[in-house]
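S.K.: This is the structure, below, for whatever I ask next.
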Amino acid sequence: MSTGSPAAKSPGADVFISYTGADEAWATWVAAVLEAEGQRVAVQAWDSPAGTNFVVWINEQMTHAVRTVAICSQAYFGSHWCTQEWAGALAANTLTPLRVEACTIPPVLATTAYRDLHGIDEATARRRLIEAVGLARPARRSDGFPGRAAPPTMTVFPGQRAPRDTGAVSVPRGAVRIADADPYRFGVHPAIRLPEGAHDVPPAYVERDIDLAADGVRARLRTAAVRGGFLLLVGGSSVGKTRCAIEAVKAELPDWWLLRPTSATDLRALAAAPPARTVLWLDELQNYLGGEHGLTAGIVHALLDAPGPVVLVGTLWPTYYRTLTALPASGDRDAHQHERALLRLAAIVDVHDQLSPDEQDRAHHRAKLDRRLQAALDSPDHGLTQTLAAGPELVRHWSNARTDNPYAWAILTAALDAARLGARNPLPGDLLRAAAADYCTPRQQAEAPTDWFEHALAYATTALHGAASALTPTSSGTGMGHIAGYINADYLRQHAATIRRYIRPPASLWTALRDYPSHTNDLERLTGNALDYRVYALAVPLLRRGIDTGDQRAARRLADLLTQADERHQPPAPKPDDSTSAIERVHRRADSGYRYAAFEPADLPKREGEREDLRRRADAGNAQAASQLADLLIEAGAHEELRHRADSGDFMAGARLAELLARSGDREELRRRANAGNEDAARELARLLIEAGDRTDALEFLRPLADAGMGDDWGDYADDAAGRLSNLLVEAGDREEMRRRADAGDGHRARMLADLLASAGDHAGAIGVLRPHASTNSECAHRLAALFSEAGDRARAIETLRLHPESRECARRLDELLAAAGDREELRRRVESGNRHAAFQLFGLLAAADDREELRRHADAGDWAAVSHLAGLLASRGDDRLKRYGFDVHGQIADGPTW
């Protein structure tokens, strides 16, 4: 089959560059540098013209290239196609990874050396790139004999005296290598704590514009490193001054010493014998100023004039800077003359309290690597750095309120529990007032002063650390001083969600959520959680509100609930009554227990011709609407609009168009779309070729797609490109090609070959085929585990499945084997990590053991599966109340309907 690729007949390149579209600028820069060094480079942005089958083209380039350079980023490792590329290059031993951002390297690459191009200047990046591909040798430099107190910084010919500024010096007492410095020890605020994240390392750093500017922090540090200097970052509390400074010295001066003097007296002593190649850390500079023993310009001069370079790095609030640099009024005493003289020696860099648009973009990119950043970004009323820094203080503020201000603790905890139940939008003050009651003791309720709520709100809304507050009032948009409601801080919400996970919300919160209308955007979340907890006193009113908005799922849920409560069979569908609206008909059918009333609203737009509404919802990302619109366009014969939507990225339209083309037998358009990378078209064309018996064309079409991994997410294994190719090879009796592909590292073929051998009774042969692939291919691991299980070797099956925790199939099978082994402890750990399938297995074990206490603990956390198992267990013992009526608002099993 012709691919139309002009590169197919060209000699192989020296370097093929593998990258994702988000990193195209890096890819072309790398290509330009390597071509300037005389390398032949293949890069898709330059060498793959329109109309090229990119799957075939990339396969050809990687096959013939001497080296594959991977432009590594979070987006790259998240790309299906890029994963196939680096995995192929790794298997062929031709891979050179280059990180262009601080991303996590997949475990399988952990033993492969990579080079970082990010966070350095262009000249350094260029040198690293050339060294990485073997065009230059890395600089061979020794820091001298490790036993010396102060090693020289370069290897020097023995007959030559070392330059004065790199001579041996005594290591300052208490100093650490900058590369080894703990940011928290040098003043970086402890950050937000999330249950699944690391607490001992700062969040991923977001580069500030001042890091990269020509006169910014790092540029000034490079200058200071040559002849000494004083750098001062000026900015408000928690704007990121200290983090910016520590990241800058780590990037620019990693081999220097870092010392934090405790006082100006220490600085005076250091000035008498300045330590070379040392950064003196003056975080919160105001602590070193003032008084007769304060830091002076003379001390700083002595440090800066030292033979070996010394760099001072300090931070200062703007209020202090303005006060210290202000000239005195006429006739007034000049109280800050010495401080003003000192500050004139500093290079000032201002740190703004809000991120610029570019910094915001970098923050969102980094947030993919660190959920603490995402939690901070989700708090739009406060700056990113302020939010990060204030997190621990907010937690303390909330925790301390339990004894210091119990009414404030009550409304804060009620707001946090409401958030657990799905209330993410501002909560009305009246709702918080009503909800707080059961968070107080009976005595606290009785002794509450008339203004308890106002005082509690004042405590809860106090801004901490110059930034965030535990509870933030939001505007109603109707004018000054009008409060719409209150919303709690995201990170406090996440903290509370963990420590209060197994604490059931009290009755006052359930009734307050019932009695005070919640924000429309919260309705579905609140409804779902009320149903999961089986608190029908709240769930039923919320479901009725959902039906009022035309929510088809709410109608189905209400019908199920009412049917289960009175154990009636589902009645036949009532006949339509044209005198009532469609929504009214749904209400009536749902109330009567007609389960399929829920499907009526889905059909309304199609019956009533509301195509525009479907377009609007589809364009907003509603997959169901996109599917309905695609069906409607096909029914209406609007094929051009369907094509336009498919070409614009509407995957539902693309799937329906591929099916339409297949029904009409249009192989050519399917082939064009498949060659352009459309997997739906590829799937349908492959099916057409196979059904037509055109085995030769089907094999030729499927081989490059299978080699590139296309169709791995088509669904059933046998339906993907590799599976279909394998089936054809099996039908043709071509075991040799399957074995060649398996031996070449093709896990798909290995699995198919193993299935053939196992079906022929050769289990040992099947195991032998799968074993080499089990560590890199989850499907092979899953099949190998099945063979071990069939042989009665459960322990080895479990060990094999552990190789792929990222694989849903392996994880589910592992859960089942652990349950079969009765291993509750590991199942509990897997449940705590969020594994829902493990939860089902654990709850099944608990129910079988009649362990109502642990099931109830999970039920109080709102785990619907635990509630379901508990309800089933009680029903099997003759008590079906929980199954029919759920819990009342006090957490007791209801004796009858509570709605």
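Just so we're on the same page: first chain in the structure tokens is A, next is B, and so on; residues restart at 1 for each chain, and ligands are numbered from 1 in the order they show up.
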Within 9 Å of A:Ile634, counting only C-alpha atoms, which residues qualify if same-chain residues fewer than 5 places away don't, as JSON, numbers by chain?

M.R.: {"A": [629, 639, 642, 656, 657, 660]}

S.K.: Excluding A:Leu221 and any residue of its chain fewer than 3 positions from it, enumerate the residues within 10 Å of it, using only C-alpha atoms, and give them as an mmCIF file with N, CA and C atoms, in the first residue's frame.

M.R.:
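Final file, part.cif:
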data_model
loop_
_atom_site.group_PDB
_atom_site.id
_atom_site.type_symbol
_atom_site.label_atom_id
_atom_site.label_comp_id
_atom_site.auth_asym_id
_atom_site.auth_seq_id
_atom_site.Cartn_x
_atom_site.Cartn_y
_atom_site.Cartn_z
ATOM 1 N N ASP A 215 17.274 41.440 33.636
ATOM 2 C CA ASP A 215 17.749 42.063 34.869
ATOM 3 C C ASP A 215 17.093 41.423 36.085
ATOM 4 N N GLY A 216 16.702 40.149 35.939
ATOM 5 C CA GLY A 216 15.989 39.460 37.004
ATOM 6 C C GLY A 216 16.912 38.817 38.016
ATOM 7 N N VAL A 217 16.332 37.984 38.848
ATOM 8 C CA VAL A 217 17.041 37.393 39.986
ATOM 9 C C VAL A 217 18.246 36.575 39.535
ATOM 10 N N ARG A 218 18.043 35.693 38.576
ATOM 11 C CA ARG A 218 19.133 34.787 38.202
ATOM 12 C C ARG A 218 20.225 35.505 37.425
ATOM 13 N N ALA A 224 26.711 38.675 40.291
ATOM 14 C CA ALA A 224 27.258 38.739 41.644
ATOM 15 C C ALA A 224 28.248 37.619 41.910
ATOM 16 N N ALA A 225 28.052 36.472 41.262
ATOM 17 C CA ALA A 225 28.944 35.337 41.494
ATOM 18 C C ALA A 225 30.361 35.606 41.017
ATOM 19 N N VAL A 226 30.529 36.565 40.111
ATOM 20 C CA VAL A 226 31.855 36.871 39.574
ATOM 21 C C VAL A 226 32.625 37.795 40.511
ATOM 22 N N GLY A 228 31.057 39.341 43.528
ATOM 23 C CA GLY A 228 30.344 39.594 44.769
ATOM 24 C C GLY A 228 29.159 40.522 44.545
ATOM 25 N N GLY A 229 28.150 40.434 45.387
ATOM 26 C CA GLY A 229 26.999 41.300 45.222
ATOM 27 C C GLY A 229 25.957 41.090 46.301
ATOM 28 N N PHE A 230 25.000 42.000 46.320
ATOM 29 C CA PHE A 230 23.933 42.000 47.316
ATOM 30 C C PHE A 230 22.604 42.071 46.563
ATOM 31 N N LEU A 231 21.810 41.024 46.652
ATOM 32 C CA LEU A 231 20.532 40.930 45.957
ATOM 33 C C LEU A 231 19.413 40.962 46.992
ATOM 34 N N ALA A 245 14.086 33.064 45.701
ATOM 35 C CA ALA A 245 15.512 33.228 45.970
ATOM 36 C C ALA A 245 16.220 31.889 46.118
ATOM 37 N N ALA A 248 16.625 30.213 42.844
ATOM 38 C CA ALA A 248 17.621 30.894 42.007
ATOM 39 C C ALA A 248 19.032 30.487 42.394
ATOM 40 N N VAL A 249 19.355 30.476 43.689
ATOM 41 C CA VAL A 249 20.715 30.101 44.079
ATOM 42 C C VAL A 249 20.980 28.624 43.805
ATOM 43 N N ALA A 251 19.792 26.996 41.287
ATOM 44 C CA ALA A 251 19.997 26.868 39.845
ATOM 45 C C ALA A 251 21.343 27.438 39.408
ATOM 46 N N GLU A 252 21.745 28.556 40.005
ATOM 47 C CA GLU A 252 22.933 29.267 39.526
ATOM 48 C C GLU A 252 24.209 28.943 40.302
ATOM 49 N N LEU A 253 24.089 28.636 41.597
ATOM 50 C CA LEU A 253 25.280 28.459 42.436
ATOM 51 C C LEU A 253 25.186 27.177 43.256
ATOM 52 N N VAL A 311 28.170 36.490 48.152
ATOM 53 C CA VAL A 311 26.890 37.022 47.691
ATOM 54 C C VAL A 311 25.928 37.080 48.874
ATOM 55 N N LEU A 312 25.295 38.225 49.069
ATOM 56 C CA LEU A 312 24.257 38.372 50.079
ATOM 57 C C LEU A 312 22.904 38.331 49.382
ATOM 58 N N VAL A 313 22.000 37.540 49.907
ATOM 59 C CA VAL A 313 20.640 37.452 49.373
ATOM 60 C C VAL A 313 19.671 37.713 50.512
ATOM 61 N N ALA A 347 20.969 45.280 44.886
ATOM 62 C CA ALA A 347 20.221 45.223 43.630
ATOM 63 C C ALA A 347 18.800 44.790 43.985
#

S.K.: Name all residues at most 12 Å from stretch 887-896 of chain A (count only C-alpha atoms; drop same-chain ones fewer than 2 positions away) and give them as JSON, numbers by chain.

M.R.: {"A": [438, 503, 504, 505, 506, 507, 508, 509, 510, 511, 512, 513, 514, 530, 531, 532, 533, 534, 535, 536, 537, 538, 539, 562, 565, 566, 856, 857, 859, 860, 861, 862, 867, 870, 871, 874, 879, 880, 881, 882, 883, 884, 885, 898, 899]}

S.K.: Contacts of A:Glu790 at 12 Å or less, counting only C-alpha atoms, minus same-chain residues fewer than 6 places along, as a list in words?

M.R.: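 In the requested format, the answer is Ala758, His763, Ala764, Ile767, Arg783, Leu784, Arg796 and Ala797 of chain A.
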
S.K.: Would you write out those residues with C-alpha atoms, as a CSV table (one decimal), in the first residue's frame?

M.R.:
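out-v7.csv was written with the following content:
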chain,number,residue,atom,x,y,z
A,758,ALA,CA,-2.6,-22.8,25.9
A,763,HIS,CA,0.7,-24.4,29.3
A,764,ALA,CA,4.4,-24.4,30.0
A,767,ILE,CA,4.1,-19.3,30.2
A,783,ARG,CA,-2.8,-13.6,30.9
A,784,LEU,CA,0.3,-15.0,32.7
A,796,ARG,CA,2.9,-16.2,41.8
A,797,ALA,CA,-0.3,-14.9,40.1

S.K.: Fewer than 4 positions away in the same chain doesn't count, so skip those; otherwise give me all residues within 12 Å of A:Pro106, counting only C-alpha atoms, as a PyMOL selection string.

M.R.: chain A and resi 72-74+76-78+83+86-87+97+110-112+776+806

S.K.: List the neighbours of stretch 452-458 of chain A out to 7 Å using only C-alpha atoms; skip same-chain residues closer than 3 positions along the sequence, and give me the result as a compact mmCIF listing (two decimals) with C-alpha atoms, in the first residue's frame.

M.R.:
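Contents of the output file part04.txt:
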# COMPACT_ATOMS: atom_id res chain seq x y z
CA TYR A 407 -19.36 28.56 67.57
CA ALA A 408 -16.83 29.46 64.89
CA ARG A 433 -26.62 29.34 61.12
CA ALA A 448 -25.07 30.83 73.04
CA PRO A 449 -25.23 34.66 73.16
CA THR A 461 -13.41 35.03 57.91
CA THR A 462 -10.22 36.43 59.48

S.K.: Quote the spacing between atom CA of A:Ala213 and atom CA of A:Val349 in Å to one decimal place.

M.R.: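 A separation of 10.6 Å between them.
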
S.K.: Choose the residue, out of A:Arg220, A:Arg277, A:Arg493, A:Arg877, that has the smallest atom-to-atom separation from A:Arg852; count only C-alpha atoms.

M.R.: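 The answer is A:Arg877, which sits nearest to A:Arg852.
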
S.K.: Measure the distance from atom CA of A:Ala414 to atom CA of A:Leu464 in Å and round it to one decimal.

M.R.: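 According to the coordinates, atom CA of A:Ala414 and atom CA of A:Leu464 are separated by 20.2 Å.
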
S.K.: Please identify all polymer residues within 12 Å of A:Glu799, counting only C-alpha atoms, omitting same-chain residues fewer than 6 positions from it, and present them as a list of chain:residue names.

M.R.: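 The contact residues come out as A:Ala774, A:Ser775, A:Ala781, A:His782, A:Leu784, A:Ala785, A:Ala786, A:Phe788, A:Ser789, A:Asp793, A:Pro805, A:Cys810, A:Ala811, A:Arg813, A:Leu814, A:Leu817, A:Leu818.
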
S.K.: Output all heavy atoms of each residue in that selection to a file, as a compact mmCIF listing (two decimals), in the first residue's frame.

M.R.:
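Saved the output as out-v8.txt:
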# COMPACT_ATOMS: atom_id res chain seq x y z
N ALA A 774 5.99 -9.87 30.61
CA ALA A 774 5.10 -9.57 31.73
C ALA A 774 5.44 -8.26 32.41
O ALA A 774 4.55 -7.55 32.87
CB ALA A 774 5.13 -10.71 32.75
N SER A 775 6.72 -7.90 32.48
CA SER A 775 7.09 -6.67 33.20
C SER A 775 6.78 -5.41 32.42
O SER A 775 6.67 -4.34 33.00
CB SER A 775 8.58 -6.70 33.56
OG SER A 775 9.36 -6.72 32.38
N ALA A 781 0.96 -9.79 31.39
CA ALA A 781 0.97 -10.08 32.83
C ALA A 781 -0.37 -10.64 33.27
O ALA A 781 -0.43 -11.59 34.07
CB ALA A 781 1.31 -8.81 33.60
N HIS A 782 -1.45 -10.05 32.77
CA HIS A 782 -2.79 -10.52 33.15
C HIS A 782 -3.00 -11.95 32.69
O HIS A 782 -3.52 -12.80 33.44
CB HIS A 782 -3.83 -9.59 32.53
CG HIS A 782 -5.23 -9.84 33.01
ND1 HIS A 782 -6.09 -10.73 32.38
CD2 HIS A 782 -5.93 -9.33 34.06
CE1 HIS A 782 -7.24 -10.76 33.02
NE2 HIS A 782 -7.17 -9.92 34.04
N LEU A 784 -0.64 -14.17 31.98
CA LEU A 784 0.29 -15.04 32.70
C LEU A 784 -0.26 -15.34 34.09
O LEU A 784 -0.18 -16.48 34.56
CB LEU A 784 1.65 -14.36 32.79
CG LEU A 784 2.76 -15.13 33.52
CD1 LEU A 784 3.01 -16.47 32.85
CD2 LEU A 784 4.04 -14.30 33.57
N ALA A 785 -0.81 -14.32 34.75
CA ALA A 785 -1.40 -14.55 36.07
C ALA A 785 -2.55 -15.54 35.99
O ALA A 785 -2.74 -16.38 36.88
CB ALA A 785 -1.88 -13.23 36.66
N ALA A 786 -3.33 -15.45 34.91
CA ALA A 786 -4.44 -16.40 34.75
C ALA A 786 -3.92 -17.83 34.62
O ALA A 786 -4.49 -18.77 35.19
CB ALA A 786 -5.26 -16.01 33.52
N PHE A 788 -1.08 -18.96 35.85
CA PHE A 788 -0.63 -19.36 37.18
C PHE A 788 -1.81 -19.77 38.06
O PHE A 788 -1.74 -20.74 38.81
CB PHE A 788 0.15 -18.23 37.84
CG PHE A 788 1.56 -18.05 37.32
CD1 PHE A 788 2.08 -16.78 37.11
CD2 PHE A 788 2.36 -19.14 37.02
CE1 PHE A 788 3.37 -16.60 36.63
CE2 PHE A 788 3.65 -18.97 36.54
CZ PHE A 788 4.16 -17.71 36.34
N SER A 789 -2.90 -18.98 37.99
CA SER A 789 -4.08 -19.29 38.80
C SER A 789 -4.67 -20.64 38.41
O SER A 789 -5.06 -21.44 39.28
CB SER A 789 -5.13 -18.19 38.64
OG SER A 789 -4.69 -16.98 39.22
N ASP A 793 -1.28 -21.77 41.42
CA ASP A 793 -0.19 -21.00 42.01
C ASP A 793 -0.65 -19.56 42.23
O ASP A 793 -0.28 -18.64 41.50
CB ASP A 793 1.04 -21.04 41.10
CG ASP A 793 2.30 -20.55 41.80
OD1 ASP A 793 2.18 -19.90 42.84
OD2 ASP A 793 3.41 -20.82 41.27
N PRO A 805 0.37 -1.95 38.55
CA PRO A 805 -0.69 -1.31 39.34
C PRO A 805 -1.50 -0.31 38.52
O PRO A 805 -2.62 0.03 38.91
CB PRO A 805 0.10 -0.59 40.45
CG PRO A 805 1.47 -0.40 39.90
CD PRO A 805 1.72 -1.59 39.03
N CYS A 810 -5.41 -5.73 35.58
CA CYS A 810 -4.53 -6.38 36.55
C CYS A 810 -4.95 -6.04 37.98
O CYS A 810 -4.96 -6.91 38.86
CB CYS A 810 -3.08 -5.97 36.32
SG CYS A 810 -2.34 -6.68 34.83
N ALA A 811 -5.31 -4.79 38.20
CA ALA A 811 -5.71 -4.37 39.54
C ALA A 811 -6.98 -5.09 39.99
O ALA A 811 -7.09 -5.53 41.14
CB ALA A 811 -5.90 -2.86 39.58
N ARG A 813 -8.14 -7.99 38.92
CA ARG A 813 -7.87 -9.40 39.16
C ARG A 813 -7.10 -9.60 40.46
O ARG A 813 -7.34 -10.55 41.21
CB ARG A 813 -7.08 -9.99 37.98
CG ARG A 813 -6.81 -11.48 38.10
CD ARG A 813 -8.10 -12.27 38.29
NE ARG A 813 -7.85 -13.69 38.46
CZ ARG A 813 -8.66 -14.51 39.12
NH1 ARG A 813 -9.78 -14.05 39.67
NH2 ARG A 813 -8.36 -15.79 39.23
N LEU A 814 -6.19 -8.65 40.76
CA LEU A 814 -5.45 -8.71 42.01
C LEU A 814 -6.40 -8.59 43.19
O LEU A 814 -6.29 -9.32 44.19
CB LEU A 814 -4.39 -7.61 42.06
CG LEU A 814 -3.58 -7.49 43.36
CD1 LEU A 814 -2.86 -8.79 43.67
CD2 LEU A 814 -2.59 -6.34 43.25
N LEU A 817 -8.12 -11.90 43.69
CA LEU A 817 -7.26 -12.93 44.28
C LEU A 817 -7.01 -12.65 45.76
O LEU A 817 -6.94 -13.58 46.57
CB LEU A 817 -5.94 -13.01 43.52
CG LEU A 817 -6.01 -13.58 42.10
CD1 LEU A 817 -4.63 -13.60 41.46
CD2 LEU A 817 -6.59 -15.00 42.12
N LEU A 818 -6.86 -11.37 46.12
CA LEU A 818 -6.68 -11.02 47.53
C LEU A 818 -7.93 -11.39 48.33
O LEU A 818 -7.83 -11.87 49.47
CB LEU A 818 -6.38 -9.53 47.67
CG LEU A 818 -5.02 -9.07 47.14
CD1 LEU A 818 -4.94 -7.55 47.15
CD2 LEU A 818 -3.88 -9.66 47.96

S.K.: As an NGL selection string, please: every residue in stretch 208-420 of chain A that DSSP puts in alpha helix (DSSP H).

M.R.: :A and (209-212 or 217-227 or 241-252 or 264-272 or 297-304 or 318-325 or 337-343 or 357-367 or 371-377 or 384-404 or 406-420)

S.K.: Which one is closest to A:Ala204: A:Ala113, A:Asp370, A:Ala271, A:Gln354? Count only C-alpha atoms.

M.R.: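 Comparing A:Ala113, A:Asp370, A:Ala271, A:Gln354 against A:Ala204, the winner is A:Asp370.
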
S.K.: How far is it from atom CA of A:Thr403 to atom CA of A:Leu421, in Å with one decimal?

M.R.: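 Separating atom CA of A:Thr403 from atom CA of A:Leu421 is a distance of 25.3 Å.
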